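Take a look at the structure below.
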Amino acid sequence: MVTCKQEYLKYIDSPADLRKLPVGRLEHVCAELRQYIIDVLSENPGHLGASLGTVELTVALHYVFNTPDDRIVWDVGHQAYGHKILTGRRDAFQTLRRFKGISGFPNPAESEYDAFIAGHASNSISAALGMSVAFQLENRADRHVVAVIGDGAMTGGLAYEGLNNASINPNNLLIVLNDNDMAIDQSVGGLSQYLVNITTSQAYNTLRYHVYRQLRRMNLISENRRENILRFNNSLKALINRQHNLFEGFSIRYFGPVNGHNVTDLVQKLNDIKDMQGPKLLHIKTTKGKGFRPAEELATEWHAPGRFNKETGERIRPQRNDEPPFYQDVFGHTLVELAEMDERVVGVTPAMPTGCSMNFLMKAFPKRAFDVGIAEGHAVTFSAGLAREGLIPFCNIYSSFMQRAYDQVIHDAALQKLHLVLCLDRAGLVGEDGATHHGVFDLACLRPVPGLTIASPLNERDLRNLMYTGYHTASGPFVIRYPRGKGELTHWQNKMQLLPPGRGRKLREGAQVAVLSIGPIGNEAAKAIDLLEADGLSVAHYDMIYLKPMDEEILHEVGQRFSRVVTVENGVITGGFGSAVMEFMSGNGYAVCVKRIGVPDRFIEHGSIRELYRLCGMNAAAIAEEIKTLASLPDRRTAPFREPSARGPFIPLSIINVML
């Protein structure tokens, strides 16, 4: 796999090895590191563009700072592949994102060099600030903390909460702003344009570095006087540049912008400012995909390109015309159809128009599609505002990122019973991105919220039908969750029809066990039932479609006819769909044994969907085995009364309920 000659990289097993090299050799290290990332990712897909853009920064940080005692907190791990390679995982890098291999994101459980988990954007400043303040309180101020954050992540509100707090707590935090004018899609918003346009005199900064060091040597600057000097300095710079610097408005020392691909200059700048007291920000300008021309020219497409030919830049895609479409493409095309039907239909996404396929709407109706940046909470409340004035917003957010907008769903959308459709893409286990990205909590966390309608389609046609139903359902927020990847049907463009909320359907008759499923995981359940037919087992299958409201007619039928029930969901079983079924059966006095199949109560690692289904017992073979085991148990309704045990008398649950 590795074709580049490694004159230096093969000897670097830790940053301590890197720091043994003279600074003049770092350019060679960067070239080898960049080529190694290209070599590996061409055959083992991952996030290419962001990590190519931070090669020089990564080398410079580990060269200047004494990691792991000094902390580097990466904001989103897409940019940290070089970091992994330089911190003892060079050979293991070829297992990146594979089952039982290394994670695609920094994780302290994997390495002492990974200071903090980094799967969702905008958390680095807050986390790093906490570390820096902790070092101050513990009299370990000689230990440095660096937060590396991209310009896309700077659109997240949490980043500003961290910036605001950094100016009032004692800390020596260094924030490195990696500005490539790109998140995954093009960065949006006033801040992004500000970062593109900001200018600072290089001569001014050079002079300031020298003056500052000289004044420190002469003991003319003390910590007590630093704030007054900083305020004067900010005012002077604003006068010279004819603009006020946003970061220095937070009383954070600003340096830059500087070339993020000149490793020698980065080392000098980092050495110049690393021991300065108080919070400071180094603004570097980089190119996403640097060093690989196709990735530089088409940054969005090469964010996570899959397998590719590293010589020609051609992306390797299987040539199959009869495959089902991606769920996100079904969403995107259907949204355009709904927008053509009604001018009130609009689309909202937090920085993922290509990933969720809202780019189709952006092309067809550019004034009716809104990319609000990495700001999920804002996306929901913005949608609520649109709905409040009579529009019908379809707000598409990845399930794992919707967790960041929980308050807004409750307070701003559900409480006001607003007509908006929340489409949760990448719901369930998502595969190689792992624990930070699995969208497995949405059913359990949204189920208790009053006024929500929550649904999940069995296939692509149902997704279209649910979007159509959500468009027509004005009683409150309508939630649709669907998985990453391809669906089930090649002919999916049906004439859309209503799926009445609270109505499921029976897919198969049966007499011994009832299987209740919700969402596309029901297709695995159907395969499991097919496997059991050969053994003569009679299994009924119900597709519930809606978690809330649930089809009580089906549940009463199941409770009356079956004593053995299996629930299947692609989400956590704690508090999810299966729990809702159990609550109904218990609350209505049905003596039913319920076996829940879903994601167990632990964080699930990365791997392919097939591997993770097998790991969680959610594949067809495992589901069939659970059904077979349950079918072999005695029927509770005909089982003899149990004799009192040595631990005390047996009291039937029904009697306990009466006593309580």
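So you can find residues: chains in the structure tokens are A, B, ... in the order shown, residues in each start at 1, and ligands are numbered from 1 in order.
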Skipping near chain neighbours, those fewer than 3 positions away, what residues fall within 8 Å of Thr67 in chain A using only C-alpha atoms, listed as a PyMOL selection string? chain A and resi 15+62+70-72+113
Among the residues of range 249-394 of chain A, find those DSSP assigns to alpha helix (DSSP H) from the backbone and print them as number ranges by chain. A: 263-273, 293-297, 327-341, 359-364, 376-388
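Minimum distance to Glu343 in chain A across A:Glu314, A:Leu386, A:Leu443, A:Leu391 (counting only C-alpha atoms) occurs at A:Leu391.
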Please identify all polymer residues within 7 Å of Gly578 in chain A, counting only C-alpha atoms, omitting same-chain residues fewer than 5 positions from it, and present them as a PyMOL selection string. chain A and resi 567+573+596
Skip Phe584 in chain A itself and residues of its chain fewer than 6 positions away, then list as a PDB file with C-alpha atoms, in the first residue's frame all residues within 10 Å of it, counting only C-alpha atoms.
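What landed in out_28.pdb:
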```
ATOM      1  CA  MET A 550     -48.018   4.127  18.358  1.00  0.00           C
ATOM      2  CA  GLU A 552     -52.619   0.846  19.751  1.00  0.00           C
ATOM      3  CA  LEU A 555     -50.574  -3.490  20.117  1.00  0.00           C
ATOM      4  CA  HIS A 556     -53.883  -4.711  21.529  1.00  0.00           C
ATOM      5  CA  GLY A 559     -51.199  -8.469  23.414  1.00  0.00           C
ATOM      6  CA  GLY A 578     -38.978  -1.757  22.637  1.00  0.00           C
ATOM      7  CA  TYR A 590     -51.003  -8.195  28.997  1.00  0.00           C
TER       8      TYR A 590
END
```
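Counting from CA of His491 in chain A, the distance to CA of Leu458 in chain A is 14.5 Å.
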Can you pull out every residue within 9 Å of range 264-272 of chain A, counting only C-alpha atoms, but drop anything in the same chain fewer than 5 positions away, and send it as number ranges by chain? A: 23-24, 26-27, 56-57, 59-61, 63-65, 209, 213, 255, 258-259, 282, 284
Based on the selection just made, write C-alpha atoms of those residues as a PDB file, in the first residue's frame.
```pdb
ATOM      1  CA  VAL A  23      14.060  22.392  11.842  1.00  0.00           C
ATOM      2  CA  GLY A  24      15.364  22.285   8.290  1.00  0.00           C
ATOM      3  CA  LEU A  26      10.628  19.298   8.820  1.00  0.00           C
ATOM      4  CA  GLU A  27       9.655  20.101   5.229  1.00  0.00           C
ATOM      5  CA  GLU A  56       2.449  21.444   8.404  1.00  0.00           C
ATOM      6  CA  LEU A  57       0.456  22.616  11.417  1.00  0.00           C
ATOM      7  CA  VAL A  59       4.267  18.783  12.512  1.00  0.00           C
ATOM      8  CA  ALA A  60       4.896  22.263  13.910  1.00  0.00           C
ATOM      9  CA  LEU A  61       2.663  21.716  16.967  1.00  0.00           C
ATOM     10  CA  TYR A  63       7.762  19.958  17.289  1.00  0.00           C
ATOM     11  CA  VAL A  64       7.208  23.027  19.485  1.00  0.00           C
ATOM     12  CA  PHE A  65       5.070  21.604  22.279  1.00  0.00           C
ATOM     13  CA  TYR A 209       6.968  40.133  18.770  1.00  0.00           C
ATOM     14  CA  ARG A 213      10.186  39.920  24.202  1.00  0.00           C
ATOM     15  CA  PHE A 255      -1.739  36.922  15.619  1.00  0.00           C
ATOM     16  CA  VAL A 258       0.009  33.498   8.573  1.00  0.00           C
ATOM     17  CA  ASN A 259       0.754  30.896   5.915  1.00  0.00           C
ATOM     18  CA  LEU A 282      -2.995  32.280  15.926  1.00  0.00           C
ATOM     19  CA  ILE A 284      -3.415  30.403   9.898  1.00  0.00           C
TER      20      ILE A 284
END
```
Write out as a PyMOL selection string each polymer residue whose atoms come within 7 Å of Leu48 in chain A, counting only C-alpha atoms; drop sequence neighbours fewer than 3 positions from it. chain A and resi 41+51-52+289+302-304
Residue nearest Gly431 in chain A - candidates A:Arg484, A:His78, A:Arg253, A:Lys495, atoms counted: only C-alpha atoms: A:Arg484
